[in-house]
file my_file.txt (compact mmCIF, C-alpha atoms)
# COMPACT_ATOMS: atom_id res chain seq x y z
CA MET A 1 0.80 13.80 -22.40
CA ASP A 2 3.91 13.48 -24.56
CA GLU A 3 5.09 9.90 -24.34
CA SER A 4 8.78 10.82 -24.29
CA ILE A 5 9.26 13.86 -22.08
CA PRO A 6 9.79 13.54 -18.31
CA VAL A 7 7.88 15.97 -16.09
CA THR A 8 9.44 17.47 -12.97
CA ARG A 9 7.50 19.55 -10.48
CA ASP A 10 8.00 20.84 -6.97
CA VAL A 11 5.20 19.41 -4.84
CA ASP A 12 4.27 19.99 -1.21
CA HIS A 13 6.68 17.40 0.18
CA GLY A 14 9.59 17.38 -2.25
CA THR A 15 10.30 17.20 -5.96
CA ALA A 16 8.17 14.85 -8.03
CA LYS A 17 9.20 13.44 -11.37
CA LEU A 18 7.18 11.48 -13.92
CA MET A 19 9.45 9.47 -16.21
CA PRO A 20 8.30 7.48 -19.26
CA ASP A 21 9.13 3.79 -19.50
CA VAL A 22 11.01 3.21 -22.74
CA ASP A 23 9.65 -0.35 -22.95
CA ARG A 24 5.92 0.40 -22.48
CA LYS A 25 4.31 3.09 -24.60
CA ARG A 26 2.10 4.86 -22.04
CA ALA A 27 3.71 3.74 -18.80
CA TRP A 28 5.17 6.11 -16.24
CA LEU A 29 7.28 5.95 -13.11
CA LEU A 30 6.58 8.48 -10.35
CA THR A 31 9.41 9.41 -7.99
CA VAL A 32 9.53 11.92 -5.15
CA ASP A 33 12.98 13.15 -4.19
CA GLY A 34 14.41 10.26 -6.18
CA ALA A 35 12.50 7.55 -4.32
CA PRO A 36 10.19 5.45 -6.54
CA GLN A 37 6.58 5.96 -5.47
CA SER A 38 4.37 4.44 -8.15
CA TYR A 39 4.31 2.94 -11.61
CA VAL A 40 1.32 3.18 -13.93
CA ASP A 41 0.64 1.79 -17.40
CA LEU A 42 -2.29 3.81 -18.73
CA ASP A 43 -2.98 1.24 -21.46
CA GLU A 44 -2.80 -1.73 -19.08
CA PRO A 45 -3.80 -0.63 -15.58
CA THR A 46 -3.74 -4.22 -14.29
CA TYR A 47 0.02 -4.34 -14.90
CA LEU A 48 1.71 -3.88 -11.51
CA GLU A 49 5.44 -3.24 -11.90
CA PHE A 50 6.48 -3.00 -8.25
CA GLU A 51 6.68 -6.28 -6.35
CA TYR A 52 4.90 -4.93 -3.27
CA ALA A 53 2.10 -3.57 -5.48
CA ARG A 54 1.68 -7.01 -7.06
CA ARG A 55 1.40 -8.55 -3.59
CA LEU A 56 -1.24 -6.00 -2.62
CA GLY A 57 -2.99 -6.82 -5.89
CA HIS A 58 -2.94 -10.53 -5.05
CA VAL A 59 -4.63 -9.80 -1.73
CA LEU A 60 -7.21 -7.57 -3.40
CA ASP A 61 -7.92 -10.39 -5.86
CA THR A 62 -8.62 -12.85 -3.03
CA VAL A 63 -10.56 -10.79 -0.46
CA ALA A 64 -13.87 -11.49 -2.22
CA GLU A 65 -15.17 -13.47 -5.15
CA PRO A 66 -13.68 -12.34 -8.47
CA GLY A 67 -15.22 -9.21 -9.93
CA ARG A 68 -17.32 -8.30 -6.91
CA PRO A 69 -17.35 -4.52 -6.40
CA LEU A 70 -15.89 -3.25 -3.13
CA ASP A 71 -15.91 -0.02 -1.16
CA VAL A 72 -12.22 0.79 -0.73
CA LEU A 73 -10.40 3.52 1.19
CA HIS A 74 -6.85 4.18 0.00
CA LEU A 75 -4.61 6.02 2.45
CA GLY A 76 -1.81 7.39 0.29
CA GLY A 77 -2.37 8.22 -3.36
CA GLY A 78 0.86 8.07 -5.33
CA ALA A 79 -0.02 7.70 -9.01
CA LEU A 80 -3.32 5.94 -8.14
CA THR A 81 -1.97 2.58 -9.27
CA LEU A 82 -4.19 0.34 -7.14
CA PRO A 83 -7.37 2.39 -7.61
CA ARG A 84 -6.87 1.99 -11.38
CA TYR A 85 -6.27 -1.74 -10.89
CA LEU A 86 -9.46 -2.20 -8.87
CA ALA A 87 -11.52 -0.13 -11.31
CA VAL A 88 -10.71 -2.79 -13.93
CA THR A 89 -10.64 -5.97 -11.83
CA ARG A 90 -13.66 -5.04 -9.71
CA PRO A 91 -15.73 -2.66 -11.85
CA GLY A 92 -18.34 -0.73 -9.94
CA SER A 93 -16.17 -0.44 -6.86
CA ARG A 94 -16.44 2.85 -5.00
CA GLN A 95 -13.04 4.16 -4.04
CA ASP A 96 -11.80 7.09 -1.98
CA VAL A 97 -8.14 8.10 -2.16
CA VAL A 98 -6.63 10.28 0.57
CA GLU A 99 -3.31 11.99 -0.22
CA ALA A 100 -1.72 14.67 1.96
CA ASP A 101 0.28 16.23 -0.88
CA ARG A 102 -2.17 18.35 -2.88
CA ALA A 103 0.38 19.35 -5.53
CA LEU A 104 1.37 15.73 -6.09
CA LEU A 105 -2.25 14.71 -6.50
CA GLU A 106 -2.81 17.54 -8.98
CA LEU A 107 0.26 16.47 -10.98
CA VAL A 108 -0.97 12.88 -11.20
CA VAL A 109 -4.56 13.75 -12.11
CA GLU A 110 -3.35 16.23 -14.73
CA HIS A 111 -0.80 14.02 -16.50
CA LEU A 112 -2.10 10.53 -15.72
CA PRO A 113 -5.88 11.05 -15.77
CA LEU A 114 -8.22 8.43 -14.41
CA PRO A 115 -10.65 6.74 -16.80
CA ASP A 116 -13.99 8.50 -16.97
CA ASP A 117 -15.83 5.42 -15.73
CA ALA A 118 -13.61 4.87 -12.67
CA ALA A 119 -15.60 5.65 -9.53
CA VAL A 120 -12.55 7.08 -7.74
CA ALA A 121 -12.80 10.20 -5.58
CA VAL A 122 -9.54 11.88 -4.61
CA HIS A 123 -9.14 13.98 -1.48
CA THR A 124 -6.33 16.07 -0.03
CA ALA A 125 -6.14 15.34 3.68
CA ASP A 126 -4.04 13.71 6.38
CA ALA A 127 -4.65 9.96 6.31
CA ARG A 128 -5.32 9.57 10.02
CA ALA A 129 -7.53 12.65 10.24
CA TRP A 130 -9.61 11.31 7.35
CA LEU A 131 -9.82 7.87 8.93
CA GLU A 132 -10.95 9.31 12.27
CA ALA A 133 -13.72 11.24 10.50
CA ALA A 134 -14.84 8.34 8.31
CA PRO A 135 -18.17 6.65 9.10
CA THR A 136 -18.18 3.40 11.06
CA ASP A 137 -18.58 0.24 8.94
CA SER A 138 -18.10 2.16 5.69
CA ALA A 139 -15.27 0.27 3.94
CA ASP A 140 -14.71 -3.28 2.75
CA VAL A 141 -10.97 -2.69 2.38
CA ILE A 142 -8.47 -0.12 3.63
CA VAL A 143 -5.16 0.07 1.75
CA ALA A 144 -2.45 2.01 3.60
CA ASP A 145 0.53 2.96 1.46
CA VAL A 146 1.64 6.19 3.10
CA PHE A 147 5.23 7.29 3.11
CA GLY A 148 6.61 10.65 4.16
CA GLY A 149 9.65 10.52 1.95
CA SER A 150 10.69 6.90 2.40
CA ARG A 151 9.24 6.40 5.89
CA VAL A 152 5.80 5.48 7.23
CA PRO A 153 4.72 8.43 9.41
CA ALA A 154 4.64 7.72 13.15
CA HIS A 155 0.97 8.69 13.64
CA LEU A 156 -0.05 5.88 11.26
CA THR A 157 1.58 3.17 13.37
CA SER A 158 -0.21 3.29 16.72
CA LEU A 159 -2.86 1.26 18.47
CA THR A 160 -5.29 4.18 18.29
CA TYR A 161 -4.81 4.32 14.52
CA ALA A 162 -5.28 0.55 14.20
CA ARG A 163 -8.49 0.74 16.23
CA GLU A 164 -9.81 3.48 13.94
CA ALA A 165 -9.11 1.25 10.95
CA GLY A 166 -11.01 -1.56 12.64
CA ARG A 167 -13.94 0.75 13.32
CA VAL A 168 -14.19 1.95 9.71
CA LEU A 169 -14.03 -1.57 8.26
CA ARG A 170 -17.22 -3.59 7.91
CA ASP A 171 -17.59 -7.12 9.22
CA GLY A 172 -15.44 -9.20 6.92
CA GLY A 173 -13.33 -6.17 6.01
CA VAL A 174 -9.60 -6.30 5.38
CA TYR A 175 -6.79 -3.87 6.22
CA LEU A 176 -3.71 -3.88 3.98
CA ALA A 177 -0.48 -1.97 4.53
CA ASN A 178 2.80 -1.57 2.72
CA LEU A 179 5.56 -1.45 5.35
CA ALA A 180 9.36 -1.51 5.11
CA ASP A 181 12.02 -2.67 7.55
CA ALA A 182 15.16 -4.76 8.02
CA ALA A 183 16.58 -6.97 10.76
CA PRO A 184 16.17 -6.87 13.74
CA PHE A 185 12.65 -5.80 12.62
CA ASP A 186 11.85 -3.58 15.60
CA PHE A 187 9.39 -1.58 13.49
CA LEU A 188 7.75 -4.50 11.68
CA ARG A 189 7.41 -6.61 14.82
CA SER A 190 5.83 -3.69 16.68
CA GLN A 191 3.37 -3.18 13.82
CA LEU A 192 2.34 -6.83 13.91
CA ALA A 193 1.89 -6.62 17.67
CA THR A 194 -0.19 -3.46 17.28
CA PHE A 195 -2.55 -4.90 14.69
CA ALA A 196 -2.74 -8.24 16.51
CA ALA A 197 -4.26 -6.31 19.42
CA VAL A 198 -7.14 -5.20 17.16
CA PHE A 199 -7.54 -7.92 14.51
CA GLU A 200 -7.80 -11.68 15.04
CA GLU A 201 -5.96 -12.75 11.88
CA LEU A 202 -2.70 -11.40 10.46
CA VAL A 203 -0.74 -12.32 7.34
CA LEU A 204 2.69 -11.06 6.35
CA ILE A 205 3.95 -11.27 2.76
CA ALA A 206 7.60 -10.56 1.95
CA GLU A 207 10.58 -11.94 0.08
CA PRO A 208 12.44 -14.67 1.99
CA ALA A 209 15.66 -12.63 1.88
CA VAL A 210 13.91 -9.78 3.68
CA LEU A 211 12.35 -12.05 6.32
CA ARG A 212 15.71 -13.72 6.91
CA GLY A 213 17.23 -10.33 7.63
CA ARG A 214 19.53 -10.27 4.63
CA ARG A 215 18.33 -6.94 3.29
CA PHE A 216 15.97 -4.01 3.76
CA GLY A 217 12.68 -4.37 1.92
CA ASN A 218 8.91 -4.11 1.74
CA ALA A 219 6.46 -6.31 3.63
CA VAL A 220 2.72 -6.40 3.06
CA LEU A 221 0.57 -6.68 6.19
CA VAL A 222 -2.94 -8.14 5.95
CA ALA A 223 -5.22 -7.80 8.99
CA ALA A 224 -8.79 -9.06 9.35
CA HIS A 225 -11.17 -10.81 11.72
CA HIS A 226 -11.33 -13.87 9.48
CA PRO A 227 -8.61 -16.04 7.94
CA ALA A 228 -7.18 -14.91 4.62
CA ASP A 229 -6.99 -17.31 1.69
CA THR A 230 -3.37 -18.10 2.43
CA LEU A 231 -3.25 -21.02 0.01
CA ALA A 232 -4.27 -18.78 -2.88
CA LEU A 233 -1.87 -16.05 -1.72
CA ALA A 234 1.01 -18.52 -1.47
CA ARG A 235 0.28 -19.79 -4.97
CA LEU A 236 0.05 -16.30 -6.47
CA THR A 237 3.11 -14.88 -4.74
CA ALA A 238 5.20 -17.96 -5.56
CA ALA A 239 4.55 -17.35 -9.27
CA ASP A 240 5.91 -13.78 -9.21
CA ALA A 241 9.28 -12.84 -10.68
CA PHE A 242 10.52 -12.37 -7.11
CA PRO A 243 8.63 -15.01 -5.10
CA ALA A 244 7.43 -14.09 -1.64
CA ARG A 245 6.73 -16.03 1.52
CA VAL A 246 3.30 -15.91 3.17
CA GLU A 247 3.52 -16.03 6.96
CA TYR A 248 0.48 -16.49 9.25
CA GLY A 249 -0.62 -18.21 12.44
CA ALA A 250 2.29 -19.60 14.43
CA GLY A 251 4.77 -17.96 12.06
CA ILE A 252 3.36 -14.53 12.91
CA ARG A 253 3.32 -15.26 16.65
CA ASP A 254 6.96 -16.37 16.51
CA PHE A 255 7.90 -13.25 14.54
CA ILE A 256 6.23 -10.91 17.05
CA ALA A 257 8.11 -12.66 19.90
CA GLY A 258 7.35 -10.30 22.75
CA ALA A 259 7.02 -7.04 20.78
CA ARG A 260 4.49 -4.65 22.30
CA PRO A 261 1.74 -2.62 20.65
CA VAL A 262 2.70 0.97 19.79
CA ARG A 263 0.99 3.82 21.62
CA ASP A 264 0.74 7.35 20.26
CA GLU A 265 3.18 8.67 22.84
CA ASN A 266 5.97 6.31 21.77
CA ALA A 267 5.20 5.93 18.05
CA VAL A 268 8.10 6.41 15.65
CA PRO A 269 8.31 6.42 11.83
CA SER A 270 9.51 3.35 9.99
CA PRO A 271 13.31 3.23 9.64
CA GLN A 272 15.16 5.24 7.05
CA PRO A 273 16.06 2.95 4.15
CA PRO A 274 19.78 2.51 3.56
CA ASN A 275 21.23 4.40 0.62
CA GLY A 276 20.20 2.72 -2.62
CA ALA A 277 17.53 0.50 -1.07
CA PHE A 278 14.75 2.00 -3.16
CA GLY A 279 16.65 4.43 -5.35
CA ILE A 280 16.83 4.25 -9.11
CA GLY A 281 19.48 5.02 -11.70
call {"tool": "encode", "arguments": {"input": "my_file.txt", "output": "structure tokens"}}
result
Amino acid sequence: MDESIPVTRDVDHGTAKLMPDVDRKRAWLLTVDGAPQSYVDLDEPTYLEFEYARRLGHVLDTVAEPGRPLDVLHLGGGALTLPRYLAVTRPGSRQDVVEADRALLELVVEHLPLPDDAAVAVHTADARAWLEAAPTDSADVIVADVFGGSRVPAHLTSLTYAREAGRVLRDGGVYLANLADAAPFDFLRSQLATFAAVFEELVLIAEPAVLRGRRFGNAVLVAAHHPADTLALARLTAADAFPARVEYGAGIRDFIAGARPVRDENAVPSPQPPNGAFGIG
């Protein structure tokens, strides 16, 4: 792929654009309808440009001993940033990526090909339909980073969905999700309440300014039946360019504060980001 020429293509759910990073020779930013979706450096796949992706990477680094291969199900494909990351940091991992937008997936695989030795299988399907058909106890980790435009689809927010995730995960498995919200956090609080009904331990990772309600932003949800390594996560996230706070235990219970689990019949998408929240140039 020419290192200097942007690529624009109509995909199933909008207009996708791959734009080269002038500062990194083989790095690309993927946007859909102007909203940043993924960033990939083909020469350095462990480089995670987006803050939320780095936080997901920190969790993936701490869910098992370093280098141990994992079976991972990615709901949402983007430019396959985290599958590339895991293929390097946990070689031998078996990964399935589920992306609803076939044309987007074809664009990414064509222009940003996966390494030959990466055991990553890509599939075009609806994330929840795939999850419901997946075998019980078949994944060590589920990573949910699904956005229809700039919003998490409603059918990926309910108690039934969370229970399916719990079924597919093995004992000791971990569910990760990239969510986005702003004060008064109706969506985020309802998501924590929903996953608290299925999983015993929750962790929330976000910038202090987001948690204080000062601005719209991403929050990483971690759900499992065992405690996360919150000390390691706090150390890693504190060292980032934009440090994050790691909330768990009483902090999570206080944040939920009476929010109820979401049922399919009253599920709604995550809120529409304000203009400019995630836009670029």
call {"tool": "closest_atom_pairs", "arguments": {"input": "my_file.txt", "of": "region 155-249 of chain A", "to": "region 73-87 of chain A", "cutoff": "12 Å", "atoms": "only C-alpha atoms", "output": "JSON lines"}}
result
{"residue": "A:Leu156", "atom": "CA", "partner": "A:Leu75", "partner_atom": "CA", "distance": 9.9}
{"residue": "A:Ala165", "atom": "CA", "partner": "A:Leu73", "partner_atom": "CA", "distance": 10.1}
{"residue": "A:Val168", "atom": "CA", "partner": "A:Leu73", "partner_atom": "CA", "distance": 9.5}
{"residue": "A:Leu169", "atom": "CA", "partner": "A:Leu73", "partner_atom": "CA", "distance": 9.4}
{"residue": "A:Arg170", "atom": "CA", "partner": "A:Leu73", "partner_atom": "CA", "distance": 11.9}
{"residue": "A:Gly173", "atom": "CA", "partner": "A:Leu73", "partner_atom": "CA", "distance": 11.2}
{"residue": "A:Val174", "atom": "CA", "partner": "A:Leu73", "partner_atom": "CA", "distance": 10.7}
{"residue": "A:Tyr175", "atom": "CA", "partner": "A:Leu73", "partner_atom": "CA", "distance": 9.6}
{"residue": "A:Leu176", "atom": "CA", "partner": "A:His74", "partner_atom": "CA", "distance": 9.5}
{"residue": "A:Ala177", "atom": "CA", "partner": "A:Leu75", "partner_atom": "CA", "distance": 9.2}
{"residue": "A:Asn178", "atom": "CA", "partner": "A:Gly76", "partner_atom": "CA", "distance": 10.4}
call {"tool": "residues_around", "arguments": {"input": "my_file.txt", "residues": "region 56-60 of chain A", "least_positions_apart": "5", "cutoff": "7 Å", "atoms": "only C-alpha atoms", "output": "JSON, numbers by chain"}}
result
{"A": [220, 233, 236]}
call {"tool": "closest_residue", "arguments": {"input": "my_file.txt", "among": "A:Ala239, A:Ala244, A:Ala228, A:Leu18", "to": "Ile205 (chain A)", "atoms": "all atoms listed in the file"}}
result
A:Ala244
call {"tool": "residues_around", "arguments": {"input": "my_file.txt", "residues": "Phe216 (chain A)", "least_positions_apart": "3", "cutoff": "10 Å", "atoms": "only C-alpha atoms", "output": "short mmCIF file (atom, residue, chain, number, x, y, z; two decimals) with C-alpha atoms, in the frame of the given file"}}
result
data_model
loop_
_atom_site.label_atom_id
_atom_site.label_comp_id
_atom_site.auth_asym_id
_atom_site.auth_seq_id
_atom_site.Cartn_x
_atom_site.Cartn_y
_atom_site.Cartn_z
CA ALA A 180 9.36 -1.51 5.11
CA ASP A 181 12.02 -2.67 7.55
CA ALA A 182 15.16 -4.76 8.02
CA ALA A 183 16.58 -6.97 10.76
CA PHE A 185 12.65 -5.80 12.62
CA ALA A 209 15.66 -12.63 1.88
CA VAL A 210 13.91 -9.78 3.68
CA LEU A 211 12.35 -12.05 6.32
CA GLY A 213 17.23 -10.33 7.63
CA ALA A 219 6.46 -6.31 3.63
CA PRO A 271 13.31 3.23 9.64
CA GLN A 272 15.16 5.24 7.05
CA PRO A 273 16.06 2.95 4.15
CA PRO A 274 19.78 2.51 3.56
CA ALA A 277 17.53 0.50 -1.07
CA PHE A 278 14.75 2.00 -3.16
#
call {"tool": "closest_residue", "arguments": {"input": "my_file.txt", "among": "A:Pro269, A:Gly217, A:Pro20, A:Pro227", "to": "Val203 (chain A)", "atoms": "only C-alpha atoms"}}
result
A:Pro227
call {"tool": "closest_residue", "arguments": {"input": "my_file.txt", "among": "A:Asp96, A:Asp41, A:Asp33, A:Asp101", "to": "Ala118 (chain A)", "atoms": "all atoms listed in the file"}}
result
A:Asp96
call {"tool": "closest_residue", "arguments": {"input": "my_file.txt", "among": "A:Ala223, A:Ile252, A:Leu42, A:Leu107", "to": "Asp21 (chain A)", "atoms": "all atoms listed in the file"}}
result
A:Leu42
call {"tool": "atom_distance", "arguments": {"input": "my_file.txt", "atom1": "CA of Ala234 (chain A)", "atom2": "CA of Asn218 (chain A)"}}
result
16.7 Å
call {"tool": "atom_distance", "arguments": {"input": "my_file.txt", "atom1": "CA of Glu132 (chain A)", "atom2": "CA of Thr160 (chain A)"}}
result
9.7 Å
call {"tool": "residues_around", "arguments": {"input": "my_file.txt", "residues": "Gln191 (chain A)", "least_positions_apart": "6", "cutoff": "8 Å", "atoms": "all atoms listed in the file", "output": "list in words"}}
result
Thr157, Ser158, Pro261 and Val262 of chain A
call {"tool": "residues_around", "arguments": {"input": "my_file.txt", "residues": "Ala193 (chain A)", "least_positions_apart": "4", "cutoff": "10 Å", "atoms": "all atoms listed in the file", "output": "PyMOL selection string"}}
result
chain A and resi 159+187-189+197-198+202+252-253+255-262
call {"tool": "residues_around", "arguments": {"input": "my_file.txt", "residues": "His155 (chain A)", "least_positions_apart": "3", "cutoff": "10 Å", "atoms": "all atoms listed in the file", "output": "PDB file with C-alpha atoms, in the coordinates of the input"}}
result
ATOM      1  CA  ALA A 127      -4.650   9.960   6.310  1.00  0.00           C
ATOM      2  CA  ARG A 128      -5.320   9.570  10.020  1.00  0.00           C
ATOM      3  CA  ALA A 129      -7.530  12.650  10.240  1.00  0.00           C
ATOM      4  CA  VAL A 152       5.800   5.480   7.230  1.00  0.00           C
ATOM      5  CA  SER A 158      -0.210   3.290  16.720  1.00  0.00           C
ATOM      6  CA  LEU A 159      -2.860   1.260  18.470  1.00  0.00           C
ATOM      7  CA  THR A 160      -5.290   4.180  18.290  1.00  0.00           C
ATOM      8  CA  TYR A 161      -4.810   4.320  14.520  1.00  0.00           C
ATOM      9  CA  ARG A 263       0.990   3.820  21.620  1.00  0.00           C
ATOM     10  CA  ASP A 264       0.740   7.350  20.260  1.00  0.00           C
ATOM     11  CA  GLU A 265       3.180   8.670  22.840  1.00  0.00           C
ATOM     12  CA  ASN A 266       5.970   6.310  21.770  1.00  0.00           C
ATOM     13  CA  ALA A 267       5.200   5.930  18.050  1.00  0.00           C
ATOM     14  CA  VAL A 268       8.100   6.410  15.650  1.00  0.00           C
ATOM     15  CA  PRO A 269       8.310   6.420  11.830  1.00  0.00           C
TER      16      PRO A 269
END
call {"tool": "atom_distance", "arguments": {"input": "my_file.txt", "atom1": "CA of Val246 (chain A)", "atom2": "CA of Tyr52 (chain A)"}}
result
12.8 Å
call {"tool": "closest_residue", "arguments": {"input": "my_file.txt", "among": "A:Leu112, A:Pro45, A:His123, A:Asp145", "to": "Thr89 (chain A)", "atoms": "all atoms listed in the file"}}
result
A:Pro45
call {"tool": "closest_residue", "arguments": {"input": "my_file.txt", "among": "A:Val120, A:Ile5, A:Leu105, A:Leu114", "to": "Ser93 (chain A)", "atoms": "all atoms listed in the file"}}
result
A:Val120
call {"tool": "build_atoms", "arguments": {"input": "my_file.txt", "residues": "region 209-223 of chain A", "atoms": "N, CA and C atoms", "output": "short mmCIF file (atom, residue, chain, number, x, y, z; two decimals), in the frame of the given file"}}
result
data_model
loop_
_atom_site.label_atom_id
_atom_site.label_comp_id
_atom_site.auth_asym_id
_atom_site.auth_seq_id
_atom_site.Cartn_x
_atom_site.Cartn_y
_atom_site.Cartn_z
N ALA A 209 14.42 -13.31 1.51
CA ALA A 209 15.66 -12.63 1.88
C ALA A 209 15.41 -11.49 2.86
N VAL A 210 14.26 -10.83 2.73
CA VAL A 210 13.91 -9.78 3.68
C VAL A 210 13.58 -10.39 5.04
N LEU A 211 12.75 -11.43 5.05
CA LEU A 211 12.35 -12.05 6.32
C LEU A 211 13.53 -12.71 7.03
N ARG A 212 14.52 -13.14 6.28
CA ARG A 212 15.71 -13.72 6.91
C ARG A 212 16.70 -12.66 7.38
N GLY A 213 16.37 -11.40 7.15
CA GLY A 213 17.23 -10.33 7.63
C GLY A 213 18.42 -10.02 6.75
N ARG A 214 18.37 -10.48 5.51
CA ARG A 214 19.53 -10.27 4.63
C ARG A 214 19.53 -8.90 3.99
N ARG A 215 18.36 -8.27 3.89
CA ARG A 215 18.33 -6.94 3.29
C ARG A 215 17.08 -6.20 3.72
N PHE A 216 17.12 -4.88 3.53
CA PHE A 216 15.97 -4.01 3.76
C PHE A 216 14.96 -4.23 2.64
N GLY A 217 13.67 -4.21 2.98
CA GLY A 217 12.68 -4.37 1.92
C GLY A 217 11.26 -4.18 2.41
N ASN A 218 10.33 -4.29 1.46
CA ASN A 218 8.91 -4.11 1.74
C ASN A 218 8.30 -5.39 2.31
N ALA A 219 7.27 -5.20 3.13
CA ALA A 219 6.46 -6.31 3.63
C ALA A 219 5.01 -5.86 3.60
N VAL A 220 4.14 -6.71 3.10
CA VAL A 220 2.72 -6.40 3.06
C VAL A 220 2.04 -7.04 4.27
N LEU A 221 1.34 -6.22 5.03
CA LEU A 221 0.57 -6.68 6.19
C LEU A 221 -0.89 -6.79 5.80
N VAL A 222 -1.50 -7.91 6.15
CA VAL A 222 -2.94 -8.14 5.95
C VAL A 222 -3.54 -8.40 7.32
N ALA A 223 -4.58 -7.64 7.68
CA ALA A 223 -5.22 -7.80 8.99
C ALA A 223 -6.73 -7.89 8.80
#
